[in-house]
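Next comes coords.txt, with compact mmCIF, C-alpha atoms and all ligand atoms.
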```
# COMPACT_ATOMS: atom_id res chain seq x y z
CA MET N 1 0.00 0.00 0.00
CA LEU N 2 2.68 2.50 1.00
CA GLU N 3 4.95 3.36 -1.91
CA ARG N 4 8.18 5.30 -2.24
CA SER N 5 9.22 7.65 -5.02
CA LEU N 6 12.59 9.24 -5.75
CA VAL N 7 12.14 12.98 -6.21
CA LEU N 8 14.92 15.23 -7.47
CA LEU N 9 14.65 18.99 -7.11
CA LYS N 10 16.90 19.72 -10.04
CA PRO N 11 19.44 22.55 -10.37
CA ASP N 12 16.93 25.02 -11.85
CA CYS N 13 14.65 24.42 -8.85
CA VAL N 14 17.51 25.11 -6.42
CA GLN N 15 18.83 28.14 -8.36
CA ARG N 16 15.35 29.65 -8.69
CA ARG N 17 14.79 29.31 -4.92
CA LEU N 18 11.69 27.16 -5.45
CA VAL N 19 12.80 24.32 -3.17
CA GLY N 20 10.67 25.34 -0.19
CA ARG N 21 7.55 25.84 -2.27
CA VAL N 22 7.88 22.50 -4.02
CA ILE N 23 8.61 20.57 -0.82
CA SER N 24 5.65 22.32 0.85
CA ARG N 25 3.31 20.90 -1.78
CA PHE N 26 4.35 17.34 -0.95
CA GLU N 27 4.13 17.99 2.79
CA GLU N 28 0.72 19.64 2.48
CA LYS N 29 -0.57 16.65 0.49
CA GLY N 30 0.32 14.42 3.44
CA LEU N 31 3.30 12.67 1.87
CA LYS N 32 6.28 11.93 4.09
CA ILE N 33 9.89 12.80 3.33
CA ILE N 34 11.90 9.87 4.63
CA ALA N 35 15.30 10.88 3.20
CA VAL N 36 16.81 14.07 1.81
CA LYS N 37 20.23 15.33 0.75
CA LEU N 38 21.81 18.16 -1.24
CA ILE N 39 24.28 16.81 -3.76
CA ALA N 40 26.38 17.72 -6.79
CA VAL N 41 25.34 15.15 -9.40
CA THR N 42 28.40 13.85 -11.25
CA PRO N 43 28.34 12.73 -14.90
CA GLU N 44 28.71 9.13 -13.68
CA LEU N 45 25.75 9.46 -11.31
CA ALA N 46 23.72 11.17 -14.05
CA ARG N 47 24.38 8.26 -16.42
CA ARG N 48 23.29 5.73 -13.78
CA HIS N 49 20.12 7.62 -12.90
CA TYR N 50 19.18 8.42 -16.50
CA ALA N 51 20.37 5.06 -17.90
CA GLU N 52 17.29 4.75 -20.14
CA HIS N 53 18.00 8.17 -21.73
CA VAL N 54 21.77 7.94 -22.25
CA GLU N 55 21.45 7.14 -25.97
CA LYS N 56 18.80 9.76 -26.68
CA PRO N 57 19.67 12.90 -28.63
CA PHE N 58 18.77 15.17 -25.71
CA TYR N 59 21.02 13.31 -23.23
CA PRO N 60 24.17 15.49 -23.56
CA GLY N 61 22.11 18.58 -22.73
CA LEU N 62 20.34 16.75 -19.92
CA GLU N 63 23.70 15.75 -18.38
CA THR N 64 25.02 19.31 -18.61
CA TYR N 65 21.83 20.54 -16.92
CA ILE N 66 21.68 17.99 -14.09
CA THR N 67 25.40 18.39 -13.27
CA GLY N 68 25.27 22.17 -13.58
CA GLY N 69 24.43 22.98 -9.95
CA PRO N 70 23.28 21.43 -6.69
CA THR N 71 20.35 19.02 -6.69
CA ILE N 72 18.18 17.95 -3.78
CA ALA N 73 17.43 14.24 -3.76
CA MET N 74 14.57 12.99 -1.61
CA VAL N 75 12.57 9.87 -0.97
CA VAL N 76 8.87 10.56 -0.57
CA GLU N 77 6.59 7.94 0.95
CA GLY N 78 2.82 7.60 1.02
CA PRO N 79 -0.16 5.67 -0.32
CA GLN N 80 0.29 5.27 -4.09
CA ALA N 81 3.14 7.77 -3.79
CA VAL N 82 4.51 7.12 -7.29
CA ALA N 83 1.30 8.07 -9.10
CA VAL N 84 0.37 10.81 -6.64
CA VAL N 85 3.76 12.53 -6.98
CA ARG N 86 3.74 12.19 -10.78
CA LYS N 87 0.31 13.82 -10.88
CA MET N 88 1.50 16.67 -8.66
CA VAL N 89 4.62 17.19 -10.78
CA GLY N 90 2.78 17.25 -14.12
CA ALA N 91 3.71 16.48 -17.72
CA THR N 92 7.40 16.58 -18.70
CA ASN N 93 7.12 19.73 -20.79
CA GLY N 94 6.30 22.73 -18.63
CA LEU N 95 4.42 24.28 -21.55
CA GLU N 96 2.05 21.30 -21.60
CA ALA N 97 1.82 20.53 -17.89
CA ALA N 98 -1.54 21.32 -16.28
CA SER N 99 -1.97 24.36 -14.07
CA GLY N 100 -1.78 23.37 -10.44
CA THR N 101 1.13 21.02 -11.08
CA VAL N 102 4.69 22.01 -10.20
CA ARG N 103 5.81 22.13 -13.83
CA GLY N 104 2.58 23.70 -15.01
CA ASP N 105 2.89 26.50 -12.50
CA PHE N 106 6.65 27.14 -12.57
CA SER N 107 8.23 25.80 -15.81
CA THR N 108 8.10 26.77 -19.49
CA SER N 109 10.69 24.22 -20.58
CA ASN N 110 10.93 20.58 -21.65
CA GLN N 111 14.39 20.08 -20.17
CA MET N 112 14.37 22.57 -17.30
CA ASN N 113 11.29 21.14 -15.69
CA LEU N 114 12.44 21.57 -12.08
CA VAL N 115 11.61 18.14 -10.70
CA HIS N 116 12.20 14.48 -11.43
CA ALA N 117 9.80 11.88 -10.04
CA SER N 118 9.98 8.09 -10.50
CA ASP N 119 7.58 6.74 -13.13
CA GLY N 120 6.78 3.39 -11.47
CA PRO N 121 7.43 1.37 -8.31
CA GLU N 122 10.24 -0.65 -9.94
CA SER N 123 12.05 2.40 -11.28
CA ALA N 124 11.54 4.07 -7.90
CA ALA N 125 13.31 1.20 -6.14
CA ARG N 126 16.17 1.35 -8.65
CA GLU N 127 16.49 5.15 -8.52
CA ILE N 128 16.34 5.27 -4.72
CA GLY N 129 19.23 2.80 -4.71
CA VAL N 130 21.22 5.08 -7.02
CA PHE N 131 20.98 8.02 -4.62
CA PHE N 132 20.60 6.51 -1.14
CA ARG N 133 21.98 3.70 0.98
CA GLU N 134 19.36 1.75 2.91
CA ASP N 135 20.64 3.19 6.21
CA GLU N 136 20.03 6.74 4.93
CA LEU N 137 16.26 6.14 4.78
CA CYS N 138 14.34 7.15 7.88
CA PRO N 139 10.78 5.74 7.73
CA TYR N 140 8.45 6.83 10.51
CA VAL N 141 4.77 6.90 11.44
CA PRO N 142 3.58 10.53 11.57
CA THR N 143 1.83 11.45 14.80
CA ILE N 144 -0.99 13.08 12.79
CA ARG N 145 -1.66 9.81 10.94
CA PRO N 146 -5.23 9.55 12.37
CA TRP N 147 -6.04 12.93 10.75
CA LEU N 148 -4.61 12.12 7.32
CA ARG N 149 -6.60 9.04 6.34
CA ALA N 150 -9.56 7.11 7.64
CA PRO N 151 -8.76 4.02 9.72
CA ASP N 152 -9.85 1.74 6.87
CA ALA N 153 -6.95 2.86 4.74
CA ASP N 154 -8.81 3.12 1.42
CA ALA N 155 -11.46 5.55 2.61
P1 LIG D 201 12.84 13.88 -15.96
O1 LIG D 201 11.47 13.60 -15.46
O2 LIG D 201 13.92 14.11 -14.95
O3 LIG D 201 13.28 12.67 -16.92
C1 LIG D 201 14.16 12.84 -18.00
C2 LIG D 201 14.51 14.25 -18.23
O4 LIG D 201 15.03 14.54 -19.51
C3 LIG D 201 13.23 15.11 -18.18
O5 LIG D 201 12.76 15.19 -16.86
C4 LIG D 201 13.71 16.40 -18.79
O6 LIG D 201 14.50 17.17 -17.88
C5 LIG D 201 14.62 15.85 -19.87
N1 LIG D 201 13.95 15.71 -21.19
C6 LIG D 201 12.98 14.84 -21.52
N2 LIG D 201 12.65 14.99 -22.81
C7 LIG D 201 13.43 15.97 -23.29
C8 LIG D 201 13.57 16.56 -24.56
N3 LIG D 201 12.83 16.17 -25.61
N4 LIG D 201 14.47 17.55 -24.70
C9 LIG D 201 15.22 17.93 -23.66
N5 LIG D 201 15.14 17.39 -22.41
C10 LIG D 201 14.25 16.42 -22.24
```

Write the structure described by the file as structure tokens, please.
Ligand code: CMP
Amino acid sequence: MLERSLVLLKPDCVQRRLVGRVISRFEEKGLKIIAVKLIAVTPELARRHYAEHVEKPFYPGLETYITGGPTIAMVVEGPQAVAVVRKMVGATNGLEAASGTVRGDFSTSNQMNLVHASDGPESAAREIGVFFREDELCPYVPTIRPWLRAPDADA
């Protein structure tokens, strides 16, 4: 039931001072941050994370972008967290992303779209392993749990 998603607040998000506003959206939704770090993504780390894109024509630009400044990596946990976070982040291209989503509200770019979010539970597990050791995750039960969801968890 509980899922985890890897979320990256990419260098444009950090440079544009949008980190607090984006994290607030996840917190306000009721998702839990169970790991977070500020890192300089290296080309090697970029290639591991974006393994499925390495051969694509846009990859060189993507690598320059993701290694071009600090990134915040986080693990977000919650019910159906992968789909919920993807919905909150919006379509890849900021010009096409719906209003109310992070990209729809703050991005006008296909590449500089502020946030990365895992696209499925399997890729989430792989991506979390790229950025975090198991002992860096800090799962917890929030004390406000009774006020977030009904006791029968699907209600
Ligand atoms: P992300 O969700 O992190 O996954 C892959 C990233 O590649 C994507 O966000 C964008 O930053 C970037 N990207 C995807 N498609 C394109 C494209 N056509 N041109 C440039 N960058 C792209």

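Summary of the local environment: counting all atoms listed in the file, residues at most 9 Å from segment 139-149 of chain N, other than itself and those fewer than 6 positions away along its chain, are Gly30, Lys32, Ile33, Ile34, Ala35, Glu77 and Ala155 of chain N.
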
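Between atom CA of Val89 of chain N and atom CA of Leu18 of chain N there is a distance of 13.3 Å.
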
Hey, what's within 6 Å of segment 65-70 of chain N if we count all atoms listed in the file and toss same-chain stuff fewer than 2 positions away? As a count of residues only, please?
7

For ligand LIG 201 (chain D), which residue among N:Val84, N:Val19, N:Leu137, N:Val54 is the nearest when counting only C-alpha atoms and all ligand atoms?
N:Val54

Find the residues near ligand LIG 201 (chain D). Use a cut-off of 6 Å, count all atoms listed in the file, and write them as a ChimeraX atom specification.
/N:58,62,92,110-113,116-117

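Atom CA of Gly90 of chain N is found 22.8 Å from atom CA of Thr64 of chain N.
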
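You will find atom CA of Val36 of chain N at 19.9 Å from atom CA of Ala83 of chain N.
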
Applying 12 Å and all atoms listed in the file, which residues near Thr108 of chain N remain after dropping the ones on its own chain fewer than 2 positions away? List them as a ChimeraX atom specification.
/N:12,91-99,102-106,110-114

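Distances here use only C-alpha atoms; by that measure, the residue among N:Val7, N:Ala46, N:Leu2, N:Ile72 closest to Ile128 of chain N is N:Val7.
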
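Comparing N:Leu45, N:Cys13, N:Leu31, N:Val130 by their smallest distance to Ser107 of chain N, the closest is N:Cys13 (using all atoms listed in the file).
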
Could you check which of N:Ser109, N:Cys138, N:Gly100, N:Val75 is closest to Ser5 of chain N, using only C-alpha atoms?
N:Val75

Between N:Leu8, N:Gly20, N:Met88, N:Pro57, which is the closest to Val115 of chain N once you count only C-alpha atoms?
N:Leu8

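Candidate residues N:Arg47, N:Lys87, N:Arg21, N:Arg133 were compared for distance to Ser118 of chain N, and the nearest is N:Lys87, using all atoms listed in the file.
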
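Contact shell of segment 121-123 of chain N at 9 Å (only C-alpha atoms; same-chain neighbours under 6 positions omitted): Glu3, Arg4, Ser5, Leu6, Ala81 and Val82 of chain N.
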